[in-house]
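Q: Following this line is coords.pdb, made up of PDB, C-alpha atoms, pLDDT in the B column:
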```pdb
ATOM      1  CA  MET A   1      -5.012  44.622  -6.528  1.00 50.00           C
ATOM      2  CA  ALA A   2      -7.051  41.489  -7.210  1.00 49.00           C
ATOM      3  CA  ASP A   3      -9.733  40.591  -4.745  1.00 50.00           C
ATOM      4  CA  PRO A   4      -8.629  37.356  -2.917  1.00 47.00           C
ATOM      5  CA  ALA A   5     -12.241  36.253  -2.742  1.00 46.00           C
ATOM      6  CA  ALA A   6     -12.486  36.372  -6.521  1.00 47.00           C
ATOM      7  CA  ASP A   7      -9.934  33.573  -6.806  1.00 46.00           C
ATOM      8  CA  SER A   8     -11.396  31.384  -4.074  1.00 43.00           C
ATOM      9  CA  SER A   9     -12.339  28.684  -6.601  1.00 41.00           C
ATOM     10  CA  ALA A  10      -8.656  27.745  -6.920  1.00 41.00           C
ATOM     11  CA  LYS A  11      -8.761  26.371  -3.374  1.00 38.00           C
ATOM     12  CA  ILE A  12     -11.145  23.639  -4.457  1.00 36.00           C
ATOM     13  CA  ILE A  13      -8.214  21.830  -6.030  1.00 37.00           C
ATOM     14  CA  TYR A  14      -6.555  21.405  -2.649  1.00 34.00           C
ATOM     15  CA  LEU A  15      -9.372  21.283  -0.131  1.00 37.00           C
ATOM     16  CA  ARG A  16     -12.073  18.661  -0.024  1.00 37.00           C
ATOM     17  CA  SER A  17     -15.340  19.571   1.624  1.00 37.00           C
ATOM     18  CA  TYR A  18     -16.974  16.692   3.476  1.00 38.00           C
ATOM     19  CA  GLY A  19     -20.671  16.487   4.111  1.00 41.00           C
ATOM     20  CA  ASP A  20     -22.149  14.605   7.026  1.00 42.00           C
ATOM     21  CA  ARG A  21     -22.498  11.432   4.943  1.00 44.00           C
ATOM     22  CA  ASP A  22     -18.903  11.653   3.741  1.00 61.00           C
ATOM     23  CA  ARG A  23     -17.629  11.952   7.316  1.00 52.00           C
ATOM     24  CA  GLU A  24     -19.781   9.015   8.356  1.00 60.00           C
ATOM     25  CA  ASP A  25     -18.457   6.883   5.485  1.00 77.00           C
ATOM     26  CA  HIS A  26     -14.883   7.747   6.377  1.00 84.00           C
ATOM     27  CA  ALA A  27     -15.457   6.814  10.026  1.00 88.00           C
ATOM     28  CA  VAL A  28     -17.075   3.476   9.156  1.00 90.00           C
ATOM     29  CA  VAL A  29     -14.281   2.481   6.787  1.00 92.00           C
ATOM     30  CA  GLY A  30     -11.703   3.478   9.388  1.00 93.00           C
ATOM     31  CA  ARG A  31     -13.343   1.275  12.026  1.00 95.00           C
ATOM     32  CA  VAL A  32     -13.500  -1.653   9.604  1.00 95.00           C
ATOM     33  CA  LEU A  33      -9.821  -1.376   8.696  1.00 96.00           C
ATOM     34  CA  ASP A  34      -8.736  -0.976  12.326  1.00 96.00           C
ATOM     35  CA  ALA A  35     -10.845  -3.962  13.374  1.00 97.00           C
ATOM     36  CA  THR A  36      -9.309  -6.066  10.605  1.00 96.00           C
ATOM     37  CA  VAL A  37      -5.780  -5.303  11.792  1.00 96.00           C
ATOM     38  CA  GLU A  38      -6.746  -6.157  15.379  1.00 96.00           C
ATOM     39  CA  LEU A  39      -8.238  -9.500  14.359  1.00 96.00           C
ATOM     40  CA  LEU A  40      -5.228 -10.439  12.226  1.00 94.00           C
ATOM     41  CA  ARG A  41      -3.018  -9.849  15.243  1.00 92.00           C
ATOM     42  CA  GLU A  42      -5.111 -12.337  17.192  1.00 92.00           C
ATOM     43  CA  ALA A  43      -5.819 -15.095  14.674  1.00 90.00           C
ATOM     44  CA  PRO A  44      -4.656 -16.278  11.228  1.00 89.00           C
ATOM     45  CA  PHE A  45      -6.126 -14.972   7.989  1.00 90.00           C
ATOM     46  CA  THR A  46      -7.937 -18.284   7.416  1.00 90.00           C
ATOM     47  CA  GLU A  47     -10.188 -17.515  10.396  1.00 93.00           C
ATOM     48  CA  LEU A  48     -11.005 -13.986   9.282  1.00 94.00           C
ATOM     49  CA  THR A  49     -14.543 -13.362   8.037  1.00 96.00           C
ATOM     50  CA  THR A  50     -16.457 -10.234   7.143  1.00 96.00           C
ATOM     51  CA  ARG A  51     -18.928 -11.020   9.925  1.00 97.00           C
ATOM     52  CA  ARG A  52     -16.174 -11.137  12.536  1.00 97.00           C
ATOM     53  CA  ILE A  53     -14.809  -7.870  11.225  1.00 97.00           C
ATOM     54  CA  ALA A  54     -18.252  -6.270  11.343  1.00 97.00           C
ATOM     55  CA  GLU A  55     -18.768  -7.422  14.932  1.00 97.00           C
ATOM     56  CA  ARG A  56     -15.383  -6.079  16.053  1.00 97.00           C
ATOM     57  CA  ALA A  57     -15.951  -2.786  14.242  1.00 97.00           C
ATOM     58  CA  CYS A  58     -19.498  -2.468  15.638  1.00 96.00           C
ATOM     59  CA  VAL A  59     -20.815  -2.063  12.104  1.00 95.00           C
ATOM     60  CA  PRO A  60     -23.850  -3.913  10.715  1.00 95.00           C
ATOM     61  CA  HIS A  61     -22.673  -6.664   8.382  1.00 95.00           C
ATOM     62  CA  GLY A  62     -24.857  -5.386   5.576  1.00 93.00           C
ATOM     63  CA  GLU A  63     -23.314  -1.937   5.883  1.00 93.00           C
ATOM     64  CA  LEU A  64     -19.796  -3.369   5.802  1.00 94.00           C
ATOM     65  CA  CYS A  65     -20.671  -5.240   2.607  1.00 93.00           C
ATOM     66  CA  ALA A  66     -21.801  -1.972   1.052  1.00 91.00           C
ATOM     67  CA  TYR A  67     -18.188  -0.784   1.311  1.00 91.00           C
ATOM     68  CA  PHE A  68     -16.261  -4.032   0.832  1.00 93.00           C
ATOM     69  CA  ARG A  69     -17.377  -7.129  -1.028  1.00 91.00           C
ATOM     70  CA  SER A  70     -14.856  -9.523   0.513  1.00 93.00           C
ATOM     71  CA  ARG A  71     -12.333  -9.910   3.304  1.00 93.00           C
ATOM     72  CA  ASP A  72      -9.586  -9.858   0.652  1.00 94.00           C
ATOM     73  CA  ALA A  73     -10.686  -6.393  -0.409  1.00 94.00           C
ATOM     74  CA  ILE A  74     -10.556  -5.186   3.198  1.00 95.00           C
ATOM     75  CA  VAL A  75      -7.062  -6.568   3.768  1.00 94.00           C
ATOM     76  CA  ALA A  76      -5.845  -5.140   0.461  1.00 93.00           C
ATOM     77  CA  GLU A  77      -7.204  -1.755   1.559  1.00 94.00           C
ATOM     78  CA  VAL A  78      -5.353  -2.130   4.868  1.00 95.00           C
ATOM     79  CA  TYR A  79      -2.116  -2.699   2.976  1.00 94.00           C
ATOM     80  CA  LEU A  80      -2.741   0.257   0.688  1.00 94.00           C
ATOM     81  CA  GLY A  81      -3.165   2.473   3.753  1.00 93.00           C
ATOM     82  CA  LEU A  82       0.072   1.225   5.314  1.00 94.00           C
ATOM     83  CA  LEU A  83       1.908   1.793   2.067  1.00 93.00           C
ATOM     84  CA  ARG A  84       0.595   5.322   1.646  1.00 93.00           C
ATOM     85  CA  ASP A  85       1.489   6.164   5.256  1.00 94.00           C
ATOM     86  CA  ALA A  86       5.100   5.047   4.820  1.00 94.00           C
ATOM     87  CA  PRO A  87       7.416   8.072   4.619  1.00 93.00           C
ATOM     88  CA  LEU A  88       9.026   8.885   1.288  1.00 92.00           C
ATOM     89  CA  SER A  89      12.192  10.952   1.120  1.00 88.00           C
ATOM     90  CA  VAL A  90      14.792  11.356  -1.612  1.00 88.00           C
ATOM     91  CA  ASP A  91      18.430  12.066  -0.826  1.00 90.00           C
ATOM     92  CA  VAL A  92      19.637  13.767  -4.002  1.00 87.00           C
ATOM     93  CA  ASP A  93      23.251  13.328  -2.912  1.00 90.00           C
ATOM     94  CA  GLN A  94      22.921   9.541  -3.188  1.00 91.00           C
ATOM     95  CA  SER A  95      23.279   7.590  -6.412  1.00 92.00           C
ATOM     96  CA  ALA A  96      20.137   6.190  -8.066  1.00 92.00           C
ATOM     97  CA  GLN A  97      21.195   2.723  -6.935  1.00 93.00           C
ATOM     98  CA  ALA A  98      21.492   3.813  -3.298  1.00 94.00           C
ATOM     99  CA  ARG A  99      18.153   5.632  -3.401  1.00 94.00           C
ATOM    100  CA  VAL A 100      16.329   2.625  -4.857  1.00 95.00           C
ATOM    101  CA  VAL A 101      17.951   0.180  -2.425  1.00 96.00           C
ATOM    102  CA  THR A 102      16.889   2.389   0.490  1.00 95.00           C
ATOM    103  CA  LEU A 103      13.310   2.572  -0.777  1.00 96.00           C
ATOM    104  CA  PHE A 104      13.053  -1.151  -1.512  1.00 96.00           C
ATOM    105  CA  ASP A 105      14.495  -2.069   1.877  1.00 96.00           C
ATOM    106  CA  GLN A 106      11.885   0.132   3.554  1.00 96.00           C
ATOM    107  CA  LEU A 107       8.985  -1.361   1.593  1.00 95.00           C
ATOM    108  CA  VAL A 108      10.040  -4.998   1.953  1.00 94.00           C
ATOM    109  CA  MET A 109      10.566  -4.540   5.698  1.00 95.00           C
ATOM    110  CA  LEU A 110       7.298  -2.627   6.135  1.00 94.00           C
ATOM    111  CA  LEU A 111       5.497  -5.610   7.685  1.00 93.00           C
ATOM    112  CA  ALA A 112       8.520  -7.531   8.964  1.00 93.00           C
ATOM    113  CA  ASP A 113       7.361  -7.146  12.569  1.00 93.00           C
ATOM    114  CA  GLU A 114       3.815  -8.299  11.721  1.00 91.00           C
ATOM    115  CA  PRO A 115       4.215 -11.672   9.942  1.00 87.00           C
ATOM    116  CA  ASP A 116       0.543 -12.664  10.275  1.00 87.00           C
ATOM    117  CA  LEU A 117      -0.626  -9.349   8.860  1.00 91.00           C
ATOM    118  CA  ALA A 118       2.008  -9.637   6.138  1.00 91.00           C
ATOM    119  CA  ALA A 119       0.805 -13.122   5.189  1.00 89.00           C
ATOM    120  CA  ALA A 120      -2.779 -11.889   5.006  1.00 90.00           C
ATOM    121  CA  CYS A 121      -1.779  -8.982   2.789  1.00 89.00           C
ATOM    122  CA  SER A 122       0.190 -11.296   0.514  1.00 87.00           C
ATOM    123  CA  SER A 123      -2.790 -13.625   0.182  1.00 85.00           C
ATOM    124  CA  ALA A 124      -5.149 -10.748  -0.513  1.00 82.00           C
ATOM    125  CA  LEU A 125      -2.882  -9.183  -3.120  1.00 79.00           C
ATOM    126  CA  ILE A 126      -2.767 -12.340  -5.250  1.00 85.00           C
ATOM    127  CA  SER A 127      -6.465 -13.033  -4.841  1.00 85.00           C
ATOM    128  CA  SER A 128      -8.570 -13.465  -7.977  1.00 87.00           C
ATOM    129  CA  GLU A 129     -11.515 -11.869  -6.159  1.00 86.00           C
ATOM    130  CA  PRO A 130     -12.886  -9.186  -8.542  1.00 89.00           C
ATOM    131  CA  SER A 131     -13.318  -6.641  -5.747  1.00 87.00           C
ATOM    132  CA  VAL A 132      -9.562  -6.680  -5.133  1.00 91.00           C
ATOM    133  CA  HIS A 133      -8.606  -5.706  -8.679  1.00 91.00           C
ATOM    134  CA  ALA A 134      -9.241  -1.969  -8.322  1.00 91.00           C
ATOM    135  CA  ILE A 135      -7.392  -1.802  -4.991  1.00 92.00           C
ATOM    136  CA  ARG A 136      -4.464  -3.721  -6.451  1.00 91.00           C
ATOM    137  CA  ARG A 137      -4.230  -1.173  -9.268  1.00 91.00           C
ATOM    138  CA  ARG A 138      -4.039   1.600  -6.676  1.00 93.00           C
ATOM    139  CA  ILE A 139      -1.321  -0.278  -4.803  1.00 92.00           C
ATOM    140  CA  HIS A 140       0.703  -0.698  -7.978  1.00 91.00           C
ATOM    141  CA  ALA A 141       0.166   2.974  -8.799  1.00 93.00           C
ATOM    142  CA  GLU A 142       1.550   3.950  -5.381  1.00 94.00           C
ATOM    143  CA  LEU A 143       4.577   1.667  -5.833  1.00 92.00           C
ATOM    144  CA  HIS A 144       5.075   3.118  -9.315  1.00 92.00           C
ATOM    145  CA  ARG A 145       4.958   6.648  -7.910  1.00 93.00           C
ATOM    146  CA  ARG A 146       7.559   5.854  -5.275  1.00 94.00           C
ATOM    147  CA  VAL A 147       9.945   4.094  -7.639  1.00 93.00           C
ATOM    148  CA  ARG A 148       9.768   6.908 -10.219  1.00 91.00           C
ATOM    149  CA  THR A 149      10.241   9.502  -7.477  1.00 92.00           C
ATOM    150  CA  VAL A 150      13.500   8.021  -6.211  1.00 93.00           C
ATOM    151  CA  LEU A 151      14.755   7.306  -9.731  1.00 90.00           C
ATOM    152  CA  ARG A 152      14.024  10.905 -10.700  1.00 83.00           C
ATOM    153  CA  SER A 153      14.767  11.316 -14.429  1.00 75.00           C
ATOM    154  CA  GLY A 154      17.117   9.776 -16.926  1.00 69.00           C
ATOM    155  CA  THR A 155      16.372   6.099 -16.288  1.00 74.00           C
ATOM    156  CA  TRP A 156      15.106   3.996 -19.164  1.00 82.00           C
ATOM    157  CA  PRO A 157      11.406   3.063 -18.747  1.00 85.00           C
ATOM    158  CA  GLU A 158      12.276  -0.625 -19.201  1.00 88.00           C
ATOM    159  CA  VAL A 159      14.664  -0.479 -16.247  1.00 88.00           C
ATOM    160  CA  ALA A 160      12.077   1.229 -14.060  1.00 88.00           C
ATOM    161  CA  GLU A 161       9.463  -1.381 -14.987  1.00 91.00           C
ATOM    162  CA  THR A 162      11.864  -4.227 -14.210  1.00 93.00           C
ATOM    163  CA  LEU A 163      12.622  -2.691 -10.829  1.00 93.00           C
ATOM    164  CA  GLU A 164       8.909  -2.401 -10.049  1.00 92.00           C
ATOM    165  CA  PHE A 165       8.247  -6.025 -10.991  1.00 92.00           C
ATOM    166  CA  SER A 166      11.194  -7.138  -8.867  1.00 93.00           C
ATOM    167  CA  LEU A 167       9.895  -5.156  -5.912  1.00 93.00           C
ATOM    168  CA  VAL A 168       6.384  -6.605  -6.106  1.00 91.00           C
ATOM    169  CA  GLY A 169       7.730 -10.152  -6.419  1.00 91.00           C
ATOM    170  CA  ALA A 170      10.053  -9.671  -3.465  1.00 92.00           C
ATOM    171  CA  MET A 171       7.292  -8.226  -1.290  1.00 90.00           C
ATOM    172  CA  VAL A 172       4.982 -11.157  -2.010  1.00 88.00           C
ATOM    173  CA  GLN A 173       7.794 -13.657  -1.427  1.00 88.00           C
ATOM    174  CA  ALA A 174       8.716 -12.186   1.943  1.00 90.00           C
ATOM    175  CA  SER A 175       5.116 -11.766   3.085  1.00 88.00           C
ATOM    176  CA  SER A 176       4.224 -15.343   2.156  1.00 83.00           C
ATOM    177  CA  GLY A 177       7.060 -16.710   4.266  1.00 83.00           C
ATOM    178  CA  SER A 178       9.042 -18.146   1.338  1.00 83.00           C
ATOM    179  CA  ALA A 179      12.089 -16.278   2.665  1.00 87.00           C
ATOM    180  CA  THR A 180      12.803 -13.977   5.571  1.00 92.00           C
ATOM    181  CA  PHE A 181      12.151 -10.290   5.115  1.00 95.00           C
ATOM    182  CA  ARG A 182      15.826  -9.468   5.711  1.00 95.00           C
ATOM    183  CA  ASP A 183      17.102 -12.063   3.238  1.00 95.00           C
ATOM    184  CA  THR A 184      14.579 -10.893   0.644  1.00 95.00           C
ATOM    185  CA  ALA A 185      15.584  -7.252   1.075  1.00 95.00           C
ATOM    186  CA  ASP A 186      19.267  -8.152   0.733  1.00 96.00           C
ATOM    187  CA  GLU A 187      18.655 -10.205  -2.400  1.00 95.00           C
ATOM    188  CA  LEU A 188      16.590  -7.392  -3.880  1.00 95.00           C
ATOM    189  CA  ALA A 189      19.475  -5.004  -3.220  1.00 96.00           C
ATOM    190  CA  ARG A 190      21.705  -7.272  -5.313  1.00 95.00           C
ATOM    191  CA  VAL A 191      19.136  -7.219  -8.130  1.00 94.00           C
ATOM    192  CA  VAL A 192      19.077  -3.416  -8.004  1.00 95.00           C
ATOM    193  CA  ALA A 193      22.881  -3.321  -8.155  1.00 94.00           C
ATOM    194  CA  ARG A 194      22.807  -5.348 -11.368  1.00 93.00           C
ATOM    195  CA  LEU A 195      20.163  -3.122 -12.947  1.00 91.00           C
ATOM    196  CA  LEU A 196      21.589   0.187 -11.717  1.00 90.00           C
ATOM    197  CA  PRO A 197      25.404   0.126 -11.585  1.00 82.00           C
ATOM    198  CA  ASP A 198      26.888   2.186  -8.772  1.00 74.00           C
ATOM    199  CA  GLY A 199      27.280   5.821  -9.720  1.00 61.00           C
ATOM    200  CA  SER A 200      24.249   5.804 -12.027  1.00 59.00           C
TER     201      SER A 200
END
```
Output the file's structure as structure tokens, nothing else.
A:
Amino acid sequence: MADPAADSSAKIIYLRSYGDRDREDHAVVGRVLDATVELLREAPFTELTTRRIAERACVPHGELCAYFRSRDAIVAEVYLGLLRDAPLSVDVDQSAQARVVTLFDQLVMLLADEPDLAAACSSALISSEPSVHAIRRRIHAELHRRVRTVLRSGTWPEVAETLEFSLVGAMVQASSGSATFRDTADELARVVARLLPDGS
């Protein structure tokens, strides 16, 4: 029988070991993100500054800037966290159309109860600030993962890409206040129905 200890290296794939500095970094970033959400619930995005965030988070401003180079980057990171925390389930008994509509409705409505936070996220996501670019790529990667998961296999790549573009556009539209979240989700469902006929 193989010695379990001899294969202990395999666990490294699944378990991350944090040193004291890693734990400290994680705690600081968590306080910054939580403080940002609190401030956006109290005042509009236009009044948000990295100094106000640092004060609320009880973090030296210089230390905050070592993690985030702009308020847009912080808000984009907030949105990425919310997106990753959203549950993802796939009902295999549903059609591809029904699965995608369910997912898109969930994601569009994610910030429906927090319009000020939604507006801030929308503004941050279309920002040309260089520090946002990497976070935006991670957001798109998470959306891509979710769309491909509910589509499963058999869908043309061009259809999947069109669905992803439609989702991103709808999320920005709703978050910016151009249309209500509910109306945007309903319109997106109609787009999905055209791209994925029922029974697909």
Q: List as a Markdown table every residue of segment 36-151 of chain A that is in contact with segment 183-198 of chain A, defined as an atom at most 6 Å from one of its atoms (using all atoms listed in the file), together with the nearest atom pair and the distance in Å rounded to one decimal, sorted by chain and then rising number.
A:
```
| residue | atom | partner | partner_atom | distance |
| --- | --- | --- | --- | --- |
| A:Gln97 | CA | A:Leu196 | CA | 5.4 |
| A:Val101 | CA | A:Ala189 | CA | 5.5 |
| A:Asp105 | CA | A:Ala185 | CA | 5.4 |
```
Q: Store the residues picked out above in a file with C-alpha atoms, as an mmCIF file, in the frame of the given file.
A:
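What landed in part.cif:
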```cif
data_model
loop_
_atom_site.group_PDB
_atom_site.id
_atom_site.type_symbol
_atom_site.label_atom_id
_atom_site.label_comp_id
_atom_site.auth_asym_id
_atom_site.auth_seq_id
_atom_site.Cartn_x
_atom_site.Cartn_y
_atom_site.Cartn_z
ATOM 1 C CA GLN A 97 21.195 2.723 -6.935
ATOM 2 C CA VAL A 101 17.951 0.180 -2.425
ATOM 3 C CA ASP A 105 14.495 -2.069 1.877
#
```
Q: Name the residues that the PyMOL selection byres ((chain A and resi 72-76) around 8) pulls out of this structure, and write them as a CSV table (one decimal) with C-alpha atoms, keeping the file's coordinate frame.
A:
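So expr-v3.csv came out as:
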```
chain,number,residue,atom,x,y,z
A,32,VAL,CA,-13.5,-1.7,9.6
A,33,LEU,CA,-9.8,-1.4,8.7
A,36,THR,CA,-9.3,-6.1,10.6
A,68,PHE,CA,-16.3,-4.0,0.8
A,69,ARG,CA,-17.4,-7.1,-1.0
A,70,SER,CA,-14.9,-9.5,0.5
A,71,ARG,CA,-12.3,-9.9,3.3
A,77,GLU,CA,-7.2,-1.8,1.6
A,78,VAL,CA,-5.4,-2.1,4.9
A,79,TYR,CA,-2.1,-2.7,3.0
A,80,LEU,CA,-2.7,0.3,0.7
A,120,ALA,CA,-2.8,-11.9,5.0
A,121,CYS,CA,-1.8,-9.0,2.8
A,123,SER,CA,-2.8,-13.6,0.2
A,124,ALA,CA,-5.1,-10.7,-0.5
A,125,LEU,CA,-2.9,-9.2,-3.1
A,127,SER,CA,-6.5,-13.0,-4.8
A,129,GLU,CA,-11.5,-11.9,-6.2
A,131,SER,CA,-13.3,-6.6,-5.7
A,132,VAL,CA,-9.6,-6.7,-5.1
A,135,ILE,CA,-7.4,-1.8,-5.0
A,136,ARG,CA,-4.5,-3.7,-6.5
```
Q: Please measure the separation of atom CA of Thr49 of chain A and atom CA of Val37 of chain A, giving the value in Å to one decimal.
A: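 These atoms are spaced 12.5 Å apart.
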Q: Identify which of the residues A:Cys65, A:Asp25, A:Glu161, A:Ser176 lies closest to Ala141 of chain A, counting all atoms listed in the file when measuring atom-to-atom distances.
A: A:Glu161
Q: Determine the nearest neighbour of Phe45 of chain A from the options A:Cys58, A:Leu117, A:Ala160, A:Ala112, counting only C-alpha atoms.
A: A:Leu117
Q: What gap, in Å, lies between atom CA of Ser175 of chain A and atom CA of Pro115 of chain A?
A: 6.9 Å
Q: What separation in Å, quoted to one decimal, exists between atom CA of Asp34 of chain A and atom CA of Ala57 of chain A?
A: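 Atom CA of Ala57 of chain A lies 7.7 Å from atom CA of Asp34 of chain A.
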Q: Determine the nearest neighbour of Gly62 of chain A from the options A:Thr50, A:Leu103, A:Met109, A:His26, counting all atoms listed in the file.
A: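 For Gly62 of chain A, the nearest of the given residues is A:Thr50.
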Q: How would segment 134-164 of chain A read, as an mmCIF file, in the frame of the given file, once N, CA and C atoms are built in?
A:
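Here's the written file part-v1.cif:
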```
data_model
loop_
_atom_site.group_PDB
_atom_site.id
_atom_site.type_symbol
_atom_site.label_atom_id
_atom_site.label_comp_id
_atom_site.auth_asym_id
_atom_site.auth_seq_id
_atom_site.Cartn_x
_atom_site.Cartn_y
_atom_site.Cartn_z
ATOM 1 N N ALA A 134 -9.386 -3.434 -8.326
ATOM 2 C CA ALA A 134 -9.241 -1.969 -8.322
ATOM 3 C C ALA A 134 -8.265 -1.517 -7.240
ATOM 4 N N ILE A 135 -8.311 -2.170 -6.081
ATOM 5 C CA ILE A 135 -7.392 -1.802 -4.991
ATOM 6 C C ILE A 135 -5.969 -2.161 -5.374
ATOM 7 N N ARG A 136 -5.801 -3.310 -6.025
ATOM 8 C CA ARG A 136 -4.464 -3.721 -6.451
ATOM 9 C C ARG A 136 -3.884 -2.718 -7.446
ATOM 10 N N ARG A 137 -4.715 -2.188 -8.324
ATOM 11 C CA ARG A 137 -4.230 -1.173 -9.268
ATOM 12 C C ARG A 137 -3.747 0.077 -8.529
ATOM 13 N N ARG A 138 -4.451 0.436 -7.460
ATOM 14 C CA ARG A 138 -4.039 1.600 -6.676
ATOM 15 C C ARG A 138 -2.738 1.327 -5.924
ATOM 16 N N ILE A 139 -2.568 0.102 -5.471
ATOM 17 C CA ILE A 139 -1.321 -0.278 -4.803
ATOM 18 C C ILE A 139 -0.162 -0.187 -5.784
ATOM 19 N N HIS A 140 -0.358 -0.744 -6.970
ATOM 20 C CA HIS A 140 0.703 -0.698 -7.978
ATOM 21 C C HIS A 140 0.996 0.744 -8.395
ATOM 22 N N ALA A 141 -0.037 1.567 -8.443
ATOM 23 C CA ALA A 141 0.166 2.974 -8.799
ATOM 24 C C ALA A 141 1.003 3.683 -7.736
ATOM 25 N N GLU A 142 0.768 3.337 -6.466
ATOM 26 C CA GLU A 142 1.550 3.950 -5.381
ATOM 27 C C GLU A 142 2.997 3.473 -5.427
ATOM 28 N N LEU A 143 3.213 2.178 -5.701
ATOM 29 C CA LEU A 143 4.577 1.667 -5.833
ATOM 30 C C LEU A 143 5.267 2.330 -7.024
ATOM 31 N N HIS A 144 4.540 2.471 -8.119
ATOM 32 C CA HIS A 144 5.075 3.118 -9.315
ATOM 33 C C HIS A 144 5.505 4.552 -8.993
ATOM 34 N N ARG A 145 4.653 5.261 -8.274
ATOM 35 C CA ARG A 145 4.958 6.648 -7.910
ATOM 36 C C ARG A 145 6.238 6.724 -7.086
ATOM 37 N N ARG A 146 6.389 5.825 -6.149
ATOM 38 C CA ARG A 146 7.559 5.854 -5.275
ATOM 39 C C ARG A 146 8.844 5.504 -6.024
ATOM 40 N N VAL A 147 8.756 4.484 -6.876
ATOM 41 C CA VAL A 147 9.945 4.094 -7.639
ATOM 42 C C VAL A 147 10.377 5.223 -8.562
ATOM 43 N N ARG A 148 9.422 5.826 -9.291
ATOM 44 C CA ARG A 148 9.768 6.908 -10.219
ATOM 45 C C ARG A 148 10.275 8.135 -9.470
ATOM 46 N N THR A 149 9.785 8.350 -8.259
ATOM 47 C CA THR A 149 10.241 9.502 -7.477
ATOM 48 C C THR A 149 11.709 9.365 -7.094
ATOM 49 N N VAL A 150 12.097 8.182 -6.622
ATOM 50 C CA VAL A 150 13.500 8.021 -6.211
ATOM 51 C C VAL A 150 14.433 7.889 -7.409
ATOM 52 N N LEU A 151 13.923 7.383 -8.536
ATOM 53 C CA LEU A 151 14.755 7.306 -9.731
ATOM 54 C C LEU A 151 14.989 8.683 -10.333
ATOM 55 N N ARG A 152 14.009 9.568 -10.108
ATOM 56 C CA ARG A 152 14.024 10.905 -10.700
ATOM 57 C C ARG A 152 13.968 10.761 -12.221
ATOM 58 N N SER A 153 14.851 11.385 -12.972
ATOM 59 C CA SER A 153 14.767 11.316 -14.429
ATOM 60 C C SER A 153 16.031 10.686 -14.995
ATOM 61 N N GLY A 154 15.933 10.302 -16.250
ATOM 62 C CA GLY A 154 17.117 9.776 -16.926
ATOM 63 C C GLY A 154 17.214 8.267 -16.969
ATOM 64 N N THR A 155 16.342 7.553 -16.279
ATOM 65 C CA THR A 155 16.372 6.099 -16.288
ATOM 66 C C THR A 155 15.470 5.573 -17.391
ATOM 67 N N TRP A 156 15.919 4.580 -18.103
ATOM 68 C CA TRP A 156 15.106 3.996 -19.164
ATOM 69 C C TRP A 156 13.823 3.425 -18.573
ATOM 70 N N PRO A 157 12.689 3.599 -19.247
ATOM 71 C CA PRO A 157 11.406 3.063 -18.747
ATOM 72 C C PRO A 157 11.461 1.562 -18.503
ATOM 73 N N GLU A 158 12.185 0.835 -19.365
ATOM 74 C CA GLU A 158 12.276 -0.625 -19.201
ATOM 75 C C GLU A 158 12.972 -1.001 -17.897
ATOM 76 N N VAL A 159 13.962 -0.218 -17.504
ATOM 77 C CA VAL A 159 14.664 -0.479 -16.247
ATOM 78 C C VAL A 159 13.741 -0.212 -15.068
ATOM 79 N N ALA A 160 13.010 0.893 -15.133
ATOM 80 C CA ALA A 160 12.077 1.229 -14.060
ATOM 81 C C ALA A 160 11.011 0.152 -13.915
ATOM 82 N N GLU A 161 10.492 -0.334 -15.032
ATOM 83 C CA GLU A 161 9.463 -1.381 -14.987
ATOM 84 C C GLU A 161 10.023 -2.664 -14.394
ATOM 85 N N THR A 162 11.237 -3.017 -14.755
ATOM 86 C CA THR A 162 11.864 -4.227 -14.210
ATOM 87 C C THR A 162 12.064 -4.102 -12.705
ATOM 88 N N LEU A 163 12.460 -2.921 -12.263
ATOM 89 C CA LEU A 163 12.622 -2.691 -10.829
ATOM 90 C C LEU A 163 11.290 -2.842 -10.102
ATOM 91 N N GLU A 164 10.226 -2.312 -10.681
ATOM 92 C CA GLU A 164 8.909 -2.401 -10.049
ATOM 93 C C GLU A 164 8.453 -3.858 -9.955
#
```
